[in-house]
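Notes to accompany the following structure.
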Amino acid sequence: MNLPAPGSSPIRVRFAPSPTGMFHVGGARSALFNWAVAKRAGGTFVLRIEDTDAARNKPEWTSGILTAMASLGMHAEDPTFEGPYFQSANASLHTEAAQRLYTQGAAYYCDCTREDVAARTANAQTGYDGHCRERGLAYAAGRALRFRTPDEGETQVIDLIRGNPTFLNAVLEDFVIARGDGSAVFLLANVVDDISMRITHVIRGEEHLPNTPKQQLMWRALGVEPPTWAHLPVIVNERRQKLSKRRDKVALEDFLADGILPDAMVNYLMLLGWSPGNDEEILPFETLIERFDIAGVNSASAFFDVKKLTSFNGEYIRAMSTQEFIKACGPWLVAPHAPWTPEQFDEAAFAAIAPHAQSRLALLSDITNNVDFLFLDAPVDDAASWDKAMKEPAPALLADVRTALAGLETWQAEPLKELVTEVGAAHGLKLGKAQAPVRVATTGRTVGLPLFESLEVLGRERALTRIDAALTKLSA
RNA sequence: GCCCCGUUCGUCUAGCGGCCUAGGACGCCGGCCUUUCACGCCGGUAGCACGGGUUCGAAUCCCGUACGGGGUACCA
């Protein structure tokens, strides 16, 4: 393991995800909070991949984590970013530490089987009963190493978020720190890694809080003062259960693939469990970092509200320049998202219509349906829209519009609007009603981008062809 | 069972003993604007889990209760 030179930076926070093949939004928030703490304090952000189960780990999972973090602005190129390190690379240090604890008398070997323990402790309130504590067993294959927890006193955890929870040492069982084959378990490995990387702040999910007193005991047994902890509240679904990848949508990449902008995601995630102050919520990441205080993070679990995320996204979309917006739409203008071919796509037409789309989208992925009428040979066939718009007096109106359109001098939004207004009036219809059949005939849908701007971009020829097709369909 | 954590509008939160007639944001509802749908603007709805204390005064401090969550593996 490639360790940093000592004394290089005052604060070192570590983010330690396990590679699972997907980057969870909860993990993303945790990474962001770690990152913010490191940045804010001018310290170092250390990324350590907990690849303990190397057999099940796949290299692409690790790169997936790196890619996901980079998409949110946490780049390995950043001078305050250190790593990634791999837990598996530190294995020899882990077993050394276990050895040391045994030599010191802080740990002892135990040959009890799970069944033995269960039979003896059936009615007890704590787990392991300390059966082998004083037996003086030496190491032998199959014997686990247990940490000798104190019988009295209490262990106080210094936690920036939840005050300082204290645990009675008496209820801490003598937990296993190394398996029968000599390898260290996660609990110990973590402590050894954090010590060897000189971590000063551990910010992680609250599911680790009950482990913390055990880890603190090990830090001290290893001769090092424990770090400062911060246990983040979990993120829950609408049923108040911890977000699970089996039942909930939690993959960061899924949200990005749906057209959530990374900046919007970062902004939203930073506000889950924390608030930058009284008023504004939409703030650039730099400002959020400036105001961030891990001690101000709430201790209650928070619901991941996709609606609010989406609303933020809409604001971010509207804040972009037209050029940025056009660029951001890129992925949704080609297959598999778009139903048209590259040959059918018209860059200039898209650029012309883009500003009208930008002001009304909440999700980038919605761009496809909004502009498909420009690139498909015929408007989409939407029966509901057709039935709604093509009632009487639509046929007669459409025929009149068609005739007038053919003779229109300048094919531009303003004159087009005047024309439909006039024809509509002749049929006793306000523009709101009169535009509907024209819209459905040319775009296929009852709702969409501003009609006359759309027609302008569509062009006279295609507009007339489509209206003719609609008239034919109506008379059939 | 045992241990730990939590509880302010539906949701995310502000609040850290008087500024609270509890503020903002998302959602929802209504209105304006309007070529549909949106955007934008204006307005509205709705909350301190419950019960005891402490205090001149409590959403804020303490103790219970209830309800939620997490942990309790030779998993991570």
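Letters A, B, ... go to the chains of the structure tokens in the order shown; residues in each chain start at 1; ligands are counted from 1 in the same order.
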Within 6 Å of chain B: residues of chain A, using only C-alpha atoms (C1' of nucleotides), as a list in words: Gln125, Arg179, Glu207, Pro210, Asn278, Asp279, Ala300, Lys308, Ser359, Arg360, Gly432, Val447 and Gly448 of chain A
Just asking: which residues within region 97-303 of chain A are helix (DSSP H, G or I) according to DSSP, as a PyMOL selection string? chain A and resi 97-104+114-120+169-171+186-196+206-221+252-257+262-270+285-291+294-296
I'd like the neighbourhood of region 28-33 of chain B as a list in words, where a residue qualifies if any of its atoms comes within 8 Å (using only C-alpha atoms (C1' of nucleotides)), though same-chain residues fewer than 5 positions away should be ignored. C41, C42, G43, G44 and U45 of chain B
Go ahead and dump the residues you just picked, all heavy atoms, as a CSV table (one decimal), in the first residue's frame.
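Just written: again00.csv:
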chain,number,residue,atom,x,y,z
B,41,C,P,-41.0,33.7,-10.3
B,41,C,OP1,-39.8,34.3,-9.6
B,41,C,OP2,-41.4,32.4,-9.9
B,41,C,O5',-42.2,34.7,-10.1
B,41,C,C5',-42.1,36.1,-10.5
B,41,C,C4',-43.4,36.7,-10.5
B,41,C,O4',-44.3,36.1,-11.5
B,41,C,C3',-44.3,36.5,-9.2
B,41,C,O3',-43.9,37.4,-8.2
B,41,C,C2',-45.7,36.8,-9.7
B,41,C,O2',-45.9,38.1,-9.8
B,41,C,C1',-45.6,36.1,-11.1
B,41,C,N1,-46.1,34.7,-11.0
B,41,C,C2,-47.5,34.5,-11.0
B,41,C,O2,-48.3,35.4,-11.1
B,41,C,N3,-47.9,33.2,-11.0
B,41,C,C4,-47.1,32.2,-10.9
B,41,C,N4,-47.6,31.0,-10.9
B,41,C,C5,-45.7,32.4,-10.9
B,41,C,C6,-45.2,33.7,-10.9
B,42,C,P,-44.1,37.0,-6.6
B,42,C,OP1,-43.4,38.0,-5.8
B,42,C,OP2,-43.7,35.5,-6.5
B,42,C,O5',-45.6,37.0,-6.4
B,42,C,C5',-46.3,38.3,-6.5
B,42,C,C4',-47.8,38.1,-6.3
B,42,C,O4',-48.3,37.3,-7.4
B,42,C,C3',-48.2,37.3,-5.1
B,42,C,O3',-48.2,38.1,-3.9
B,42,C,C2',-49.6,36.8,-5.5
B,42,C,O2',-50.6,37.8,-5.4
B,42,C,C1',-49.4,36.5,-7.0
B,42,C,N1,-49.1,35.1,-7.2
B,42,C,C2,-50.1,34.2,-7.2
B,42,C,O2,-51.3,34.6,-7.0
B,42,C,N3,-49.9,32.8,-7.4
B,42,C,C4,-48.6,32.4,-7.6
B,42,C,N4,-48.4,31.1,-7.7
B,42,C,C5,-47.5,33.3,-7.6
B,42,C,C6,-47.8,34.6,-7.4
B,43,G,P,-47.9,37.4,-2.5
B,43,G,OP1,-48.0,38.5,-1.5
B,43,G,OP2,-46.8,36.5,-2.6
B,43,G,O5',-49.2,36.5,-2.3
B,43,G,C5',-50.4,37.0,-1.9
B,43,G,C4',-51.5,36.0,-2.0
B,43,G,O4',-51.5,35.4,-3.3
B,43,G,C3',-51.5,34.8,-1.1
B,43,G,O3',-51.9,35.2,0.3
B,43,G,C2',-52.5,33.9,-1.7
B,43,G,O2',-53.8,34.3,-1.5
B,43,G,C1',-52.1,34.1,-3.2
B,43,G,N9,-51.2,33.0,-3.6
B,43,G,C8,-49.9,33.1,-3.9
B,43,G,N7,-49.4,32.0,-4.3
B,43,G,C5,-50.4,31.1,-4.2
B,43,G,C6,-50.5,29.7,-4.5
B,43,G,O6,-49.6,28.9,-4.8
B,43,G,N1,-51.7,29.1,-4.3
B,43,G,C2,-52.8,29.9,-3.9
B,43,G,N2,-54.0,29.2,-3.7
B,43,G,N3,-52.8,31.2,-3.6
B,43,G,C4,-51.6,31.7,-3.8
B,44,G,P,-51.4,34.3,1.5
B,44,G,OP1,-51.9,34.9,2.7
B,44,G,OP2,-50.0,33.9,1.3
B,44,G,O5',-52.3,32.9,1.3
B,44,G,C5',-53.7,33.0,1.4
B,44,G,C4',-54.3,31.6,1.1
B,44,G,O4',-53.8,31.2,-0.2
B,44,G,C3',-53.8,30.5,2.0
B,44,G,O3',-54.5,30.5,3.2
B,44,G,C2',-54.1,29.3,1.1
B,44,G,O2',-55.4,28.9,1.1
B,44,G,C1',-53.7,29.8,-0.3
B,44,G,N9,-52.3,29.4,-0.6
B,44,G,C8,-51.2,30.2,-0.7
B,44,G,N7,-50.2,29.6,-1.1
B,44,G,C5,-50.6,28.3,-1.3
B,44,G,C6,-49.9,27.1,-1.7
B,44,G,O6,-48.7,27.0,-2.0
B,44,G,N1,-50.7,26.0,-1.8
B,44,G,C2,-52.0,26.0,-1.5
B,44,G,N2,-52.6,24.8,-1.6
B,44,G,N3,-52.7,27.0,-1.1
B,44,G,C4,-51.9,28.2,-1.0
B,45,U,P,-53.9,29.7,4.5
B,45,U,OP1,-54.8,30.0,5.6
B,45,U,OP2,-52.5,30.1,4.6
B,45,U,O5',-54.0,28.2,4.1
B,45,U,C5',-55.3,27.6,3.8
B,45,U,C4',-55.1,26.1,3.5
B,45,U,O4',-54.3,26.0,2.3
B,45,U,C3',-54.3,25.4,4.5
B,45,U,O3',-55.1,24.9,5.6
B,45,U,C2',-53.7,24.2,3.7
B,45,U,O2',-54.6,23.1,3.6
B,45,U,C1',-53.5,24.9,2.3
B,45,U,N1,-52.1,25.3,2.1
B,45,U,C2,-51.2,24.4,1.6
B,45,U,O2,-51.5,23.2,1.3
B,45,U,N3,-49.9,24.8,1.3
B,45,U,C4,-49.5,26.1,1.5
B,45,U,O4,-48.3,26.4,1.2
B,45,U,C5,-50.4,27.0,2.1
B,45,U,C6,-51.7,26.6,2.3
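CA of Val371 (chain A) lies 21.0 Å from CA of Lys388 (chain A).
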For region 262-267 of chain A, please output as an mmCIF file with N, CA, C and O atoms, in the first residue's frame all residues within 9 Å (counting only C-alpha atoms (C1' of nucleotides); exclusion window: fewer than 3 positions along the same chain).
data_model
loop_
_atom_site.group_PDB
_atom_site.id
_atom_site.type_symbol
_atom_site.label_atom_id
_atom_site.label_comp_id
_atom_site.auth_asym_id
_atom_site.auth_seq_id
_atom_site.Cartn_x
_atom_site.Cartn_y
_atom_site.Cartn_z
ATOM 1 N N ALA A 28 -23.402 8.525 -2.730
ATOM 2 C CA ALA A 28 -23.042 9.781 -3.371
ATOM 3 C C ALA A 28 -23.129 10.928 -2.369
ATOM 4 O O ALA A 28 -22.255 11.787 -2.306
ATOM 5 N N ARG A 29 -24.184 10.914 -1.560
ATOM 6 C CA ARG A 29 -24.307 11.982 -0.570
ATOM 7 C C ARG A 29 -23.191 11.888 0.454
ATOM 8 O O ARG A 29 -22.592 12.893 0.838
ATOM 9 N N LEU A 32 -20.095 13.211 -1.002
ATOM 10 C CA LEU A 32 -20.187 14.668 -1.097
ATOM 11 C C LEU A 32 -19.914 15.336 0.257
ATOM 12 O O LEU A 32 -19.192 16.332 0.337
ATOM 13 N N SER A 71 -18.350 12.282 -12.138
ATOM 14 C CA SER A 71 -19.489 12.939 -12.769
ATOM 15 C C SER A 71 -20.113 13.955 -11.825
ATOM 16 O O SER A 71 -20.793 14.878 -12.255
ATOM 17 N N LEU A 72 -19.879 13.791 -10.531
ATOM 18 C CA LEU A 72 -20.410 14.754 -9.567
ATOM 19 C C LEU A 72 -19.355 15.788 -9.174
ATOM 20 O O LEU A 72 -19.560 16.564 -8.249
ATOM 21 N N GLY A 73 -18.231 15.750 -9.849
ATOM 22 C CA GLY A 73 -17.214 16.771 -9.593
ATOM 23 C C GLY A 73 -16.105 16.363 -8.646
ATOM 24 O O GLY A 73 -15.240 17.155 -8.317
ATOM 25 N N LEU A 252 -27.121 6.096 -8.939
ATOM 26 C CA LEU A 252 -26.845 7.448 -9.421
ATOM 27 C C LEU A 252 -26.954 7.520 -10.939
ATOM 28 O O LEU A 252 -27.552 8.432 -11.498
ATOM 29 N N PHE A 255 -30.388 7.999 -12.481
ATOM 30 C CA PHE A 255 -30.931 9.360 -12.454
ATOM 31 C C PHE A 255 -30.287 10.208 -13.547
ATOM 32 O O PHE A 255 -30.967 10.971 -14.236
ATOM 33 N N LEU A 256 -28.980 10.049 -13.706
ATOM 34 C CA LEU A 256 -28.295 10.817 -14.739
ATOM 35 C C LEU A 256 -28.797 10.393 -16.114
ATOM 36 O O LEU A 256 -28.970 11.223 -17.009
ATOM 37 N N MET A 270 -26.808 17.533 -1.334
ATOM 38 C CA MET A 270 -26.210 18.310 -0.241
ATOM 39 C C MET A 270 -27.291 18.816 0.726
ATOM 40 O O MET A 270 -27.023 19.048 1.899
ATOM 41 N N LEU A 271 -28.494 18.987 0.206
ATOM 42 C CA LEU A 271 -29.578 19.518 1.029
ATOM 43 C C LEU A 271 -30.392 18.435 1.733
ATOM 44 O O LEU A 271 -31.351 18.730 2.435
ATOM 45 N N GLU A 281 -31.934 27.748 -1.791
ATOM 46 C CA GLU A 281 -31.525 26.346 -1.776
ATOM 47 C C GLU A 281 -30.707 26.009 -3.009
ATOM 48 O O GLU A 281 -29.880 25.120 -2.991
ATOM 49 N N ILE A 282 -31.011 26.732 -4.100
ATOM 50 C CA ILE A 282 -30.277 26.482 -5.329
ATOM 51 C C ILE A 282 -28.991 27.283 -5.277
ATOM 52 O O ILE A 282 -28.996 28.507 -5.435
ATOM 53 N N LEU A 283 -27.902 26.619 -5.023
ATOM 54 C CA LEU A 283 -26.629 27.300 -4.855
ATOM 55 C C LEU A 283 -25.518 26.517 -5.528
ATOM 56 O O LEU A 283 -25.558 25.289 -5.571
ATOM 57 N N PRO A 284 -24.516 27.233 -6.036
ATOM 58 C CA PRO A 284 -23.380 26.537 -6.642
ATOM 59 C C PRO A 284 -22.616 25.740 -5.580
ATOM 60 O O PRO A 284 -22.617 26.107 -4.399
ATOM 61 N N PHE A 285 -21.971 24.694 -6.027
ATOM 62 C CA PHE A 285 -21.286 23.799 -5.109
ATOM 63 C C PHE A 285 -20.250 24.530 -4.257
ATOM 64 O O PHE A 285 -20.106 24.244 -3.069
ATOM 65 N N LEU A 288 -21.983 26.051 -1.430
ATOM 66 C CA LEU A 288 -22.432 25.027 -0.489
ATOM 67 C C LEU A 288 -21.263 24.578 0.382
ATOM 68 O O LEU A 288 -21.402 24.417 1.590
ATOM 69 N N LEU A 309 -36.121 16.872 -6.454
ATOM 70 C CA LEU A 309 -34.926 16.726 -7.281
ATOM 71 C C LEU A 309 -35.233 17.212 -8.692
ATOM 72 O O LEU A 309 -34.469 17.965 -9.297
ATOM 73 N N THR A 310 -36.368 16.771 -9.216
ATOM 74 C CA THR A 310 -36.764 17.119 -10.576
ATOM 75 C C THR A 310 -36.998 18.628 -10.707
ATOM 76 O O THR A 310 -36.625 19.239 -11.705
ATOM 77 N N PHE A 312 -35.540 20.942 -8.930
ATOM 78 C CA PHE A 312 -34.193 21.536 -8.948
ATOM 79 C C PHE A 312 -33.612 21.420 -10.340
ATOM 80 O O PHE A 312 -32.998 22.336 -10.860
ATOM 81 N N ASN A 313 -33.822 20.248 -10.940
ATOM 82 C CA ASN A 313 -33.252 20.001 -12.260
ATOM 83 C C ASN A 313 -33.793 21.004 -13.273
ATOM 84 O O ASN A 313 -33.046 21.513 -14.105
ATOM 85 N N GLY A 314 -35.086 21.275 -13.183
ATOM 86 C CA GLY A 314 -35.687 22.254 -14.077
ATOM 87 C C GLY A 314 -35.029 23.616 -13.919
ATOM 88 O O GLY A 314 -34.752 24.304 -14.902
ATOM 89 N N GLU A 315 -34.739 23.978 -12.707
ATOM 90 C CA GLU A 315 -34.081 25.265 -12.479
ATOM 91 C C GLU A 315 -32.685 25.277 -13.085
ATOM 92 O O GLU A 315 -32.250 26.281 -13.645
ATOM 93 N N TYR A 316 -31.990 24.163 -12.942
ATOM 94 C CA TYR A 316 -30.645 24.092 -13.510
ATOM 95 C C TYR A 316 -30.689 24.136 -15.031
ATOM 96 O O TYR A 316 -29.830 24.726 -15.670
ATOM 97 N N ILE A 317 -31.706 23.510 -15.604
ATOM 98 C CA ILE A 317 -31.840 23.527 -17.062
ATOM 99 C C ILE A 317 -32.066 24.956 -17.533
ATOM 100 O O ILE A 317 -31.449 25.428 -18.482
#
As a ChimeraX atom specification, please: the residues near A22 (chain B) (cut-off 12 Å, only C-alpha atoms (C1' of nucleotides), same-chain neighbours under 6 positions excluded). /B:8-9,14-15,47-48,59-60
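For the pair CA of Pro19 (chain A) and CA of His231 (chain A), the separation is 20.4 Å.
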Separation of CA of Ala184 (chain A) from CA of Leu93 (chain A), in Å and rounded to one decimal: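 So the answer is 9.5 Å.
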So which residues of region 138-341 of chain A fall under strand (DSSP E) by DSSP, listed as a list in words? Ala144, Leu145, Arg146, Phe147, Glu154, Thr155, Gln156, Thr166, Phe167, Leu168, Val176, Ile177, Ala178, His201, Val202, Ile203, Arg204, Gly205, Thr228, Trp229, Ala230, His231, Leu232, Ile235, Val236, Ala302 and Phe303 of chain A
Residues within 12 Å of Pro59 (chain A), please, as a list in words. Count only C-alpha atoms (C1' of nucleotides); anything in the same chain fewer than 6 positions from it doesn't count. Pro19, Thr20, Gly21, Ile49, Asp51, Ile65, Leu66 and Phe86 of chain A
Preceding selection exported with N, CA and C atoms as a CSV table (one decimal), in the first residue's frame:
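part-v5.csv, written as the output of this step:
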chain,number,residue,atom,x,y,z
A,19,PRO,N,-17.2,-1.9,-3.3
A,19,PRO,CA,-17.6,-2.0,-4.7
A,19,PRO,C,-18.7,-3.0,-4.9
A,20,THR,N,-19.8,-2.5,-5.4
A,20,THR,CA,-21.0,-3.4,-5.5
A,20,THR,C,-21.6,-3.4,-6.9
A,21,GLY,N,-20.9,-2.7,-7.8
A,21,GLY,CA,-21.4,-2.7,-9.2
A,21,GLY,C,-22.4,-1.6,-9.5
A,49,ILE,N,-11.2,1.9,-1.4
A,49,ILE,CA,-12.2,0.9,-1.8
A,49,ILE,C,-12.2,-0.3,-0.9
A,51,ASP,N,-12.5,-3.5,-0.8
A,51,ASP,CA,-12.6,-4.6,-1.7
A,51,ASP,C,-12.2,-5.9,-0.9
A,65,ILE,N,-17.2,3.4,-9.7
A,65,ILE,CA,-17.3,4.3,-8.5
A,65,ILE,C,-16.5,5.6,-8.9
A,66,LEU,N,-15.4,5.4,-9.5
A,66,LEU,CA,-14.5,6.6,-9.9
A,66,LEU,C,-15.3,7.4,-10.9
A,86,PHE,N,-6.8,0.5,-1.9
A,86,PHE,CA,-7.6,-0.7,-1.8
A,86,PHE,C,-7.3,-1.5,-0.5
What's the 9 Å shell around Leu217 (chain A), counting only C-alpha atoms (C1' of nucleotides), without same-chain residues fewer than 2 positions away, as number ranges by chain? A: 149-150, 155, 212-215, 219-222, 226
Prev. selection, N, CA and C atoms, output as a PDB file, in the first residue's frame:
ATOM      1  N   THR A 149     -13.094  -7.205  25.540  1.00  0.00           N
ATOM      2  CA  THR A 149     -13.683  -5.898  25.876  1.00  0.00           C
ATOM      3  C   THR A 149     -13.661  -5.692  27.381  1.00  0.00           C
ATOM      4  N   PRO A 150     -13.573  -4.439  27.824  1.00  0.00           N
ATOM      5  CA  PRO A 150     -13.534  -4.166  29.267  1.00  0.00           C
ATOM      6  C   PRO A 150     -14.844  -4.598  29.924  1.00  0.00           C
ATOM      7  N   THR A 155     -17.710   3.517  26.981  1.00  0.00           N
ATOM      8  CA  THR A 155     -16.947   4.063  25.871  1.00  0.00           C
ATOM      9  C   THR A 155     -17.767   5.162  25.232  1.00  0.00           C
ATOM     10  N   THR A 212     -19.005   1.452  16.379  1.00  0.00           N
ATOM     11  CA  THR A 212     -18.006   2.451  16.696  1.00  0.00           C
ATOM     12  C   THR A 212     -17.305   2.248  18.040  1.00  0.00           C
ATOM     13  N   PRO A 213     -18.032   1.938  19.114  1.00  0.00           N
ATOM     14  CA  PRO A 213     -17.306   1.727  20.377  1.00  0.00           C
ATOM     15  C   PRO A 213     -16.294   0.589  20.260  1.00  0.00           C
ATOM     16  N   LYS A 214     -16.648  -0.445  19.531  1.00  0.00           N
ATOM     17  CA  LYS A 214     -15.712  -1.559  19.350  1.00  0.00           C
ATOM     18  C   LYS A 214     -14.462  -1.083  18.607  1.00  0.00           C
ATOM     19  N   GLN A 215     -14.699  -0.297  17.581  1.00  0.00           N
ATOM     20  CA  GLN A 215     -13.556   0.194  16.813  1.00  0.00           C
ATOM     21  C   GLN A 215     -12.693   1.136  17.645  1.00  0.00           C
ATOM     22  N   TRP A 219      -8.715   1.039  18.357  1.00  0.00           N
ATOM     23  CA  TRP A 219      -7.779   2.155  18.112  1.00  0.00           C
ATOM     24  C   TRP A 219      -6.870   2.328  19.327  1.00  0.00           C
ATOM     25  N   ARG A 220      -7.500   2.388  20.493  1.00  0.00           N
ATOM     26  CA  ARG A 220      -6.721   2.641  21.703  1.00  0.00           C
ATOM     27  C   ARG A 220      -5.803   1.457  22.012  1.00  0.00           C
ATOM     28  N   ALA A 221      -6.297   0.257  21.792  1.00  0.00           N
ATOM     29  CA  ALA A 221      -5.465  -0.918  22.057  1.00  0.00           C
ATOM     30  C   ALA A 221      -4.249  -0.923  21.137  1.00  0.00           C
ATOM     31  N   LEU A 222      -4.430  -0.330  19.967  1.00  0.00           N
ATOM     32  CA  LEU A 222      -3.328  -0.240  19.015  1.00  0.00           C
ATOM     33  C   LEU A 222      -2.464   0.989  19.288  1.00  0.00           C
ATOM     34  N   PRO A 226      -8.598   7.567  18.939  1.00  0.00           N
ATOM     35  CA  PRO A 226      -9.600   7.416  17.876  1.00  0.00           C
ATOM     36  C   PRO A 226      -9.859   8.735  17.145  1.00  0.00           C
TER      37      PRO A 226
END
